[in-house]
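Q: Below you will find the structure I want to go over with you.
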There are 2 protein chains.
Amino acid sequence: MTLDPVFRPRAVAIIGASRTPGKVGYVLTENLITSRYDGRIFPVNPNAEKILGLRCYPSVLDVPGDVDLAVISIPSKYVLQVAEECGEKGVKALIVISAGFKETGHEGAVLERKLVEVVKKYGMRMQGPNCLGLINTATSLNISFAAAMPRKGGIGFISQSGALGTAVLDWVLKEDIGFHSFISLGNKADLDEVDFIEAMGEDETIGVILLYLESIERGRKFLDVSAKVVEKKPVIILKGGTSTAGARAAGSHTGALVGSFLTYKTAFDKAGVILADSIEELFNYAVAFTEQPLPKGEGIAIVTNAGGPGILATDLSEKLGLRIAGLSSDVRNRLRENLPAAAATGNPVDVLGDARADRYKFALEEVIRDERVNATVILLTPQAMTESLATAEGIVEIQRRFSSKPIVCIFMGGNLVTEAKEHLRRNDIPCFDFPSEGIKTLSAMYNYARFLKEPDYPPARFRDVDPKKVEEVLEVARKDGRVVLLSNEAAQVVEAYGIRIPESRIAQSADEAAIYAEGLGYPAVLRIVSPDILHKTDVGGVILNLNSADQVRSAFNGIMTSVSRFMPRARIYGVMVYHMIPKGREMIIGMSQDVQFGPLVMFGLGGIYVNFLKDVSFRLAPLSEPEVCEMMEETKAYTLLKGIRGEPPSDIEALKRTILRVGQLVWDFPQIVEMDINPVIVYGEGEGCVALDVKITLTKD
Amino acid sequence: MTLDPVFRPRAVAIIGASRTPGKVGYVLTENLITSRYDGRIFPVNPNAEKILGLRCYPSVLDVPGDVDLAVISIPSKYVLQVAEECGEKGVKALIVISAGFKETGHEGAVLERKLVEVVKKYGMRMQGPNCLGLINTATSLNISFAAAMPRKGGIGFISQSGALGTAVLDWVLKEDIGFHSFISLGNKADLDEVDFIEAMGEDETIGVILLYLESIERGRKFLDVSAKVVEKKPVIILKGGTSTAGARAAGSHTGALVGSFLTYKTAFDKAGVILADSIEELFNYAVAFTEQPLPKGEGIAIVTNAGGPGILATDLSEKLGLRIAGLSSDVRNRLRENLPAAAATGNPVDVLGDARADRYKFALEEVIRDERVNATVILLTPQAMTESLATAEGIVEIQRRFSSKPIVCIFMGGNLVTEAKEHLRRNDIPCFDFPSEGIKTLSAMYNYARFLKEPDYPPARFRDVDPKKVEEVLEVARKDGRVVLLSNEAAQVVEAYGIRIPESRIAQSADEAAIYAEGLGYPAVLRIVSPDILHKTDVGGVILNLNSADQVRSAFNGIMTSVSRFMPRARIYGVMVYHMIPKGREMIIGMSQDVQFGPLVMFGLGGIYVNFLKDVSFRLAPLSEPEVCEMMEETKAYTLLKGIRGEPPSDIEALKRTILRVGQLVWDFPQIVEMDINPVIVYGEGEGCVALDVKITLTKD
């Protein structure tokens with residue numbers, strides 16, 4: 001693996017090692033020594049002979065033998081030279097702890113760029129700069145400020161915030177959670193989250209990958225790599241910085257409606273990456289995912305000795321897409337025969353407040369055997385007769401015998417349940433303090449299991465498209481220096497990708513307009529063509545419902561008068577003449593390029609409703625057929641499209657194809673940065689849909 | 001206070017006291033003795049002479065002197081007789097621990113009713129049956145299974161689930177949270193949550209009232225009492241059973257759109273009761289509310305030694321309606337002068353990873369002095385230089401000097417922050433493990449403070465209403481045995497409350513219809529009047545857009561033919577003739593009676609959109625003017641009403657008055673169980689609105 005020098009170095013140099021306790025260079029050296037790392041350690045410091053009993057070298061070049069990894073913790077102004085020396089020495093990877101780079105402003109950014117150049121020149125890789133190092137319990141490698149190592153386990157944690165990492169390390173020590181590795185990303189000048197996700201994906205001793213991220217620069221690569229890794233292990237992300245959405249060009253409806261967090265969510269969903277809402281959730285998920293099998297379906301059973309918490313758990317389960325399974329009649333009969341008469345033998349199974357361990361164990365074994373039950377939640381409150389530790393022991397025993405079905409425990413209370421909780425956790429059964437945490441975690445497990453079961457549908461590709469035509473149109477606009485296409489050009493672009501548009505002609509005179517209108521059929525519509533007029537209705541540039549040649553002529557002249565009054569300097573390319581198309585449902589299909597993740601396609605209710613009802617959904621291109629179906633179903637407008645209250649259903653099939661074609665178009669032409677088809681008019685089943693008004697904006701270069 | 005015999009009894013009899021360790025009657029007696037209750041304790045058991053060193057009496061009648069409170073824990077079949085004896089003895093209150101009542105089915109319910117009769121006969125009050133007792137740390141009274149009492153504090157906790165209560169008691173012991181009292185409601189046969197909220201409201205040693213409730217029977221009383229109590233102290237509720245919404249008659253749009261949980265939320269909002277989402281939240285809120293002052297505004301400051309968690313806290317603050325305050329230039333200058341150059345001196349204030357206690361203290365003192373800062377969040381992650389305990393000590397000191405502004409701490413990590421956390425909690429500064437908990441809690445505090453600042457607006461009462469007319473119409477329907485009003489009757493009802501309806505006449509013949517149409521003006525609309533036809537359009541019972549007497553005549557005949565073909569047995573009362581009213585925006589105003597809380601008024605987007613867009617909002621009648629304004633503003637349709645994209649604004653004032661009139665009507669006539677005005681057509685400013693189609697359903701009796 002390419003990151004072996006980082007994860008499994010055979011020899012580590014600590015450049016900037018120090019003899020002074022409390023200093024970073026001392027703490028790093030001490031932690032590496034006490035972590036029982038079994039490779040060689042070479043402190044480097046020109047002013048010391050020995051550090052913590054190890055021989056010290058004036059420069060990395062003086063170190064005897066190979067050095068896989070150099071940890072650099074010296075003032076930033078010396079880092080460049082030291083990196084050069086590392087390169088000459090043949091060091092394979094650097095971890096630059098030193099701050100004073102991009103995070104400090106322009107000068108630091110220049111220094112960081114130069115550092116990356118040196119790293120690349122020698123074919124090295126670099127973690128940081130401005131990072132807090134790493135911990136790898138598998139190789140007993142502790143290059144961090146954390147004095148104590150967590151116990152070995154399957155969690156790999158990648159953090160863009162070093163401080164969050166140290167807080168979490170301290171917390172997992174207290175909670176006795178097993179950890180595989182912790183990576184502090186720092187400024188991500190070379191190695192970033194994508195590299196580490198890839199590396200952790202290949203490492204079979206890692207069961208789950210956690211991330212805290214504030215930014216993702218290589219969005220598409222992130223998705224591609226993650227999508228592969230999630231097939232083997234869950235990738236769970238906590239995203240910081242959701243409210244501080246960067247300013248986004250909002251020249252289109254799609255641009256205005258998409259938020260930064262929504263883009264991340266859409267992207268993570270596409271790749272099957274699990275989104276956590278808080279640090280607690282991140283770790284609750286991590287523990288459960290590493291310890292328990294995934295549920296094979298949404299049916300769960302709840303066994304409880306208390307009605308109230310059972311109700312809370314049921315409420316939340318249903319809200320989060322789990323289902324309280326109906327138990328088979330066999331199981332119900334046996335529960336009825338063996339539990340006290342007052343017990344509830346449906347689901348949730350209430351074993352009553354006086355249940356001892358044996359009753360819990362019996363009920364658990366019964367429900368876990370039931371084919372309809374894919375996961376079990378055990379709720380316990382400490383009451384007079386409750387045997388919490390013995391109950392925990394019973395659960396562990398049953399779990400061993402039915403190890404293919406997950407069990408999640410919720411033991412409420414304090415000292416009366418402490419020992420029981422510890423027993424469960426030691427035996428890899430997640431145990432939570434409150435119903436909400438346990439149910440949310442189980443729901444995340446089920447969602448991941450469901451994702452894994454779905455096939456990977458390839459994006460749809462239509463063959464009847466004409467990319468050359470699109471190129472021609474875009475070329476004209478580019479030569480013209482225009483980034484917003486004329487409405488007839490935009491219509492040509494979508495038409496070249498097989499999307500139906502109203503037939504039209506551009507007229508230069510009132511008479512020409514009348515002739516075209518006769519040919520296209522009445523009622524006719526006239527609309528001004530000008531690169532300078534965005535809101536054509538507002539300047540009297542659109543006239544509908546014209547029913548004779550005379551009306552068309554006077555409308556043409558009216559438009560010209562009105563436009564020349566409102567916008568005397570606008571360039572006029574003519575007036576577009578259409579046949580007015582019949583009414584139908586007004587939808588919107590749009591696209592906005594995301595800097596990180598590429599084209600984000602939007603679908604929803606169109607017309608004047610789009611901005612205030614915001615009934616829209618998003619997917620990243622390229623689009624597969626099932627994705628587009630989901631996308632449509634997510635909108636409330638879908639109910640309308642299916643036909644409500646006796647109205648006939650709309651042509652959903654045609655709409656689906658149109659969205660797919662838009663997805664293909666924007667994927668093929670990344671220079672299209674924003675696009676709105678608003679409205680796209682959809683007619684009854686079999687009657688298709690028409691892109692009535694198309695706006696397309698291109699990149700500036 | 002009426003509940004003094006429960007909260008502060010001078011003498012307690014334990015009926016069913018036992019000598020056998022482990023038995024309920026033993027545990028109760030032992031706990032009462034060891035709780036250091038300073039009143040007299042009388043065990044009652046005919047088969048014992050002494051129990052736990054106390055003299056035992058064969059019957060409560062044999063007890064010397066007065067008994068304020070009798071705790072009953074004997075098989076249910078003996079409870080009735082014992083209750084009689086208690087009545088004869090002059091006992092003032094009973095706590096019935098015994099199960100075997102309503103919760104077991106019909107027989108138990110009968111027994112429970114008889115028990116209540118006995119209780120009432122003697123003017124006693126009763127907690128339970130089927131409850132787990134109570135704890136009152138103020139009077140050192142422990143009548144429960146919980147062996148240890150929590151430390152004294154200001155939290156009063158009322159639980160409909162006994163088991164949840166015991167779990168929580170065990171948990172607060174471990175977390176060292178102060179408690180005033182715990183009440184297990186049981187079956188609520190006599191005393192219910194309303195009685196206890198009222199009593200706890202009057203008790204000045206209680207600072208905050210917590211409830212776990214599954215049902216509320218006396219909904220209106222609950223709201224009235226709570227609304228008074230929340231002026232003095234917060235009332236925080238966790239509602240169980242939200243998914244198991246009871247089957248609800250859904251003959252109207254309003255009925256179909258309102259969910260059980262939504263009703264509770266609307267009701268709690270009206271009374272200013274705070275809704276918690278989970279048990280954690282319930283107690284997080286409780287601790288913060290008892291320990292800290294309320295923030296006087298939404299501006300908060302965040303002081304952190306770590307960027308990542310600071311970002312997470314900022315994200316959530318903005319999402320939950322708090323605002324990251326802009327600091328004054330004075331404060332910013334002093335921060336800049338005294339903090340290291342790399343520190344962020346905006347807000348969040350990042351004191352950097354190497355911040356020691358003094359730097360935290362300095363920054364906290366600066367921001368807390370700033371007038372724009374109403375509350376401060378201190379975030380700490382344990383890093384190399386961090387002095388967590390000393391930082392906590394500094395915070396406590398500052399809090400003492402600036403005690404009018406709340407401070408919430410978030411100390412992340414494990415053992416490195418344990419001592420610091422304990423110090424904060426001992427000094428009444430709430431300290432959380434993760435940003436999300438702390439920010440959610442602060443947001444709940446701010447929302448409560450904002451609620452307290454709002455005046456209590458009385459409901460609006462129009463004087464130009466004619467309740468007598470409404471009574472007449474309802475009387476006719478009742479005599480007729482109809483629960484659904486005819487459309488003309490429904491129109492008369494709303495008209496009597498000053499709501500504009502289209503002018504109309506009922507015609508019995510084609511000629512009569514034509515004469516009316518001439519009088520009302522064209523275009524005319526005809527609509528069948530029949531108590532048996534609900535969906536008039538479906539049977540050809542409505543014809544629009546008639547422009548001459550001839551057209552009206554043939555439409556009349558057409559309707560009769562069509563209706564007699566589709567619904568030959570329908571009773572026909574004639575055909576309503578209207579002037580067809582001009583188009584406008586279609587809204588809906590509706591009402592559905594909630595069994596617990598009374599009339600719930602709905603407003604939103606009407607017409608065919610109502611069911612699929614569900615753009616509606618709810619308030620409980622009677623309605624005040626600001627409530628209706630809020631209600632309208634909550635809908636997305638409000639943007640439309642204000643006028644978007646150059647369209648003129650609608651007559652929002654007229655709409656507001658119409659909603660208020662509906663609120664007054666349904667408040668005055670509780671026999672109206674459901675009502676829809678769909679659509680109510682609203683025109684441009686100053687042009688009013690018209691109730692086009694009104695449906696009204698009455699109670700059966």
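Scheme for the structure tokens: letters A, B, ... for chains in order shown; per-chain residue numbers from 1; ligand numbers from 1 in order shown.
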What's the 12 Å shell around Arg657 (chain B), counting only C-alpha atoms, without same-chain residues fewer than 2 positions away, as an NGL selection string?
A: :B and (460-462 or 497-500 or 589 or 623-629 or 632 or 651-655 or 659-664 or 682 or 688-690)
Q: Skipping near chain neighbours, those fewer than 6 positions away, what residues fall within 7 Å of Ile274 (chain A) using only C-alpha atoms, listed as a PDB file with N, CA and C atoms, in the first residue's frame?
A:
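What follows is the written file part-v3.pdb:
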```pdb
ATOM      1  N   VAL A 235     -18.444   4.086   5.851  1.00  0.00           N
ATOM      2  CA  VAL A 235     -17.728   5.359   5.957  1.00  0.00           C
ATOM      3  C   VAL A 235     -18.724   6.361   6.542  1.00  0.00           C
ATOM      4  N   ILE A 236     -18.405   6.910   7.701  1.00  0.00           N
ATOM      5  CA  ILE A 236     -19.345   7.775   8.414  1.00  0.00           C
ATOM      6  C   ILE A 236     -18.726   9.155   8.593  1.00  0.00           C
ATOM      7  N   ILE A 237     -19.481  10.179   8.233  1.00  0.00           N
ATOM      8  CA  ILE A 237     -18.936  11.539   8.209  1.00  0.00           C
ATOM      9  C   ILE A 237     -19.715  12.482   9.098  1.00  0.00           C
ATOM     10  N   PHE A 268     -23.055  12.532  -0.507  1.00  0.00           N
ATOM     11  CA  PHE A 268     -22.820  11.415   0.400  1.00  0.00           C
ATOM     12  C   PHE A 268     -23.823  10.283   0.133  1.00  0.00           C
TER      13      PHE A 268
END
```
Q: Mind running chain A against chain B at 7 Å and telling me each contacting residue's nearest atom pair with the distance in Å (one decimal), counting only C-alpha atoms, chain and number ascending, as a Markdown table?
A:
```
| residue | atom | partner | partner_atom | distance |
| --- | --- | --- | --- | --- |
| A:Phe145 | CA | B:Ala384 | CA | 6.4 |
| A:Ser161 | CA | B:Gly308 | CA | 5.1 |
| A:Ala163 | CA | B:Ala306 | CA | 5.4 |
| A:Leu164 | CA | B:Gly308 | CA | 6.3 |
| A:Thr166 | CA | B:Gln383 | CA | 6.6 |
| A:Ala167 | CA | B:Gly413 | CA | 4.3 |
| A:Val168 | CA | B:Gly413 | CA | 5.7 |
| A:Asp170 | CA | B:Gly414 | CA | 4.8 |
| A:Trp171 | CA | B:Gly414 | CA | 3.9 |
| A:Leu173 | CA | B:Gly414 | CA | 6.8 |
| A:Lys174 | CA | B:Gly414 | CA | 5.1 |
| A:Gly240 | CA | B:Leu312 | CA | 5.4 |
| A:Gly241 | CA | B:Ile311 | CA | 5.6 |
| A:Thr242 | CA | B:Asp315 | CA | 6.0 |
| A:Ser243 | CA | B:Asp315 | CA | 4.9 |
| A:Ser278 | CA | B:Ser436 | CA | 6.4 |
| A:Ile279 | CA | B:Phe434 | CA | 6.8 |
| A:Ala306 | CA | B:Ala163 | CA | 5.4 |
| A:Gly307 | CA | B:Ser161 | CA | 6.8 |
| A:Gly308 | CA | B:Ser161 | CA | 5.0 |
| A:Pro309 | CA | B:Leu164 | CA | 6.5 |
| A:Ile311 | CA | B:Gly241 | CA | 5.6 |
| A:Leu312 | CA | B:Gly240 | CA | 5.4 |
| A:Asp315 | CA | B:Ser243 | CA | 4.9 |
| A:Thr381 | CA | B:Ala167 | CA | 5.1 |
| A:Pro382 | CA | B:Ala167 | CA | 5.7 |
| A:Gln383 | CA | B:Thr166 | CA | 6.6 |
| A:Ala384 | CA | B:Phe145 | CA | 6.3 |
| A:Met412 | CA | B:Ala167 | CA | 5.5 |
| A:Gly413 | CA | B:Ala167 | CA | 4.2 |
| A:Gly414 | CA | B:Trp171 | CA | 3.9 |
| A:Asn415 | CA | B:Lys174 | CA | 6.0 |
| A:Leu416 | CA | B:Asp170 | CA | 6.8 |
| A:Phe434 | CA | B:Ile279 | CA | 6.8 |
| A:Ser436 | CA | B:Ser278 | CA | 6.4 |
| A:Phe612 | CA | B:Lys636 | CA | 6.0 |
| A:Leu613 | CA | B:Lys636 | CA | 5.9 |
| A:Lys636 | CA | B:Leu613 | CA | 5.9 |
| A:Thr639 | CA | B:Phe612 | CA | 6.4 |
```
Q: Pick out the residues sitting within 12 Å of Val225 (chain A), and hand them over as number ranges by chain; count only C-alpha atoms, and ignore anything fewer than 4 positions along from it in its own chain.
A: A: 193-202, 218-221, 229-232, 235, 268, 271-273
Q: Calculate how many Å separate CA of Asn136 (chain B) from CA of Ile74 (chain B), rounding to one decimal.
A: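 Answer for the CA of Asn136 (chain B) to CA of Ile74 (chain B) separation: 22.9 Å.
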Q: Please provide the set of residues having any atom within 9 Å of Leu3 (chain A), restricted to only C-alpha atoms, with same-chain residues fewer than 2 positions apart removed, written as a list of chain:residue names.
A: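 Final neighbour list, sorted by chain and number: A:Met1, A:Pro5, A:Val6, A:Phe7, A:Arg8, A:Ala93, A:Arg125, A:Asp195, A:Phe196, A:Ala199.
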Q: According to DSSP computed on the backbone, where in region 429-611 of chain A is there strand (DSSP E or B)? Give the residues as a ChimeraX atom specification.
A: /A:431-432,484,504-507,524-529,542-546,574-579,585-594,598-605
Q: Skipping near chain neighbours, those fewer than 5 positions away, what residues fall within 7 Å of Val12 (chain A) using only C-alpha atoms, listed as a PyMOL selection string?
A: chain A and resi 40-42+67-70
Q: Please identify all polymer residues within 10 Å of Tyr264 (chain A), counting only C-alpha atoms, omitting same-chain residues fewer than 2 positions from it, and present them as a list in words.
A: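 Near Tyr264 (chain A), the qualifying residues are Ser215, Ile216, Gly219, Lys239, Thr242, Gly259, Ser260, Phe261, Leu262, Thr266, Ala267, Phe268, Asp269, Lys270, Leu275, Asp594, Gln596 and Phe597 of chain A.
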Q: Per DSSP on the backbone, filter region 450-658 of chain A down to the residues in helix (DSSP H, G or I) and report them as JSON, numbers by chain.
A: {"A": [450, 451, 452, 453, 467, 468, 469, 470, 471, 472, 473, 474, 475, 476, 477, 478, 479, 480, 487, 488, 489, 490, 491, 492, 493, 494, 495, 496, 510, 511, 512, 513, 514, 515, 516, 517, 518, 519, 520, 537, 538, 539, 549, 550, 551, 552, 553, 554, 555, 556, 557, 558, 559, 560, 561, 562, 563, 564, 565, 566, 609, 610, 611, 612, 613, 625, 626, 627, 628, 629, 630, 631, 632, 633, 634, 637, 638, 639, 640, 641, 642, 652, 653, 654, 655, 656, 657, 658]}
Q: Quick one: pull the distance between CA of Ala691 (chain B) and CA of Leu485 (chain B), Å, one decimal.
A: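 Computing it gives 15.4 Å between the two atoms.
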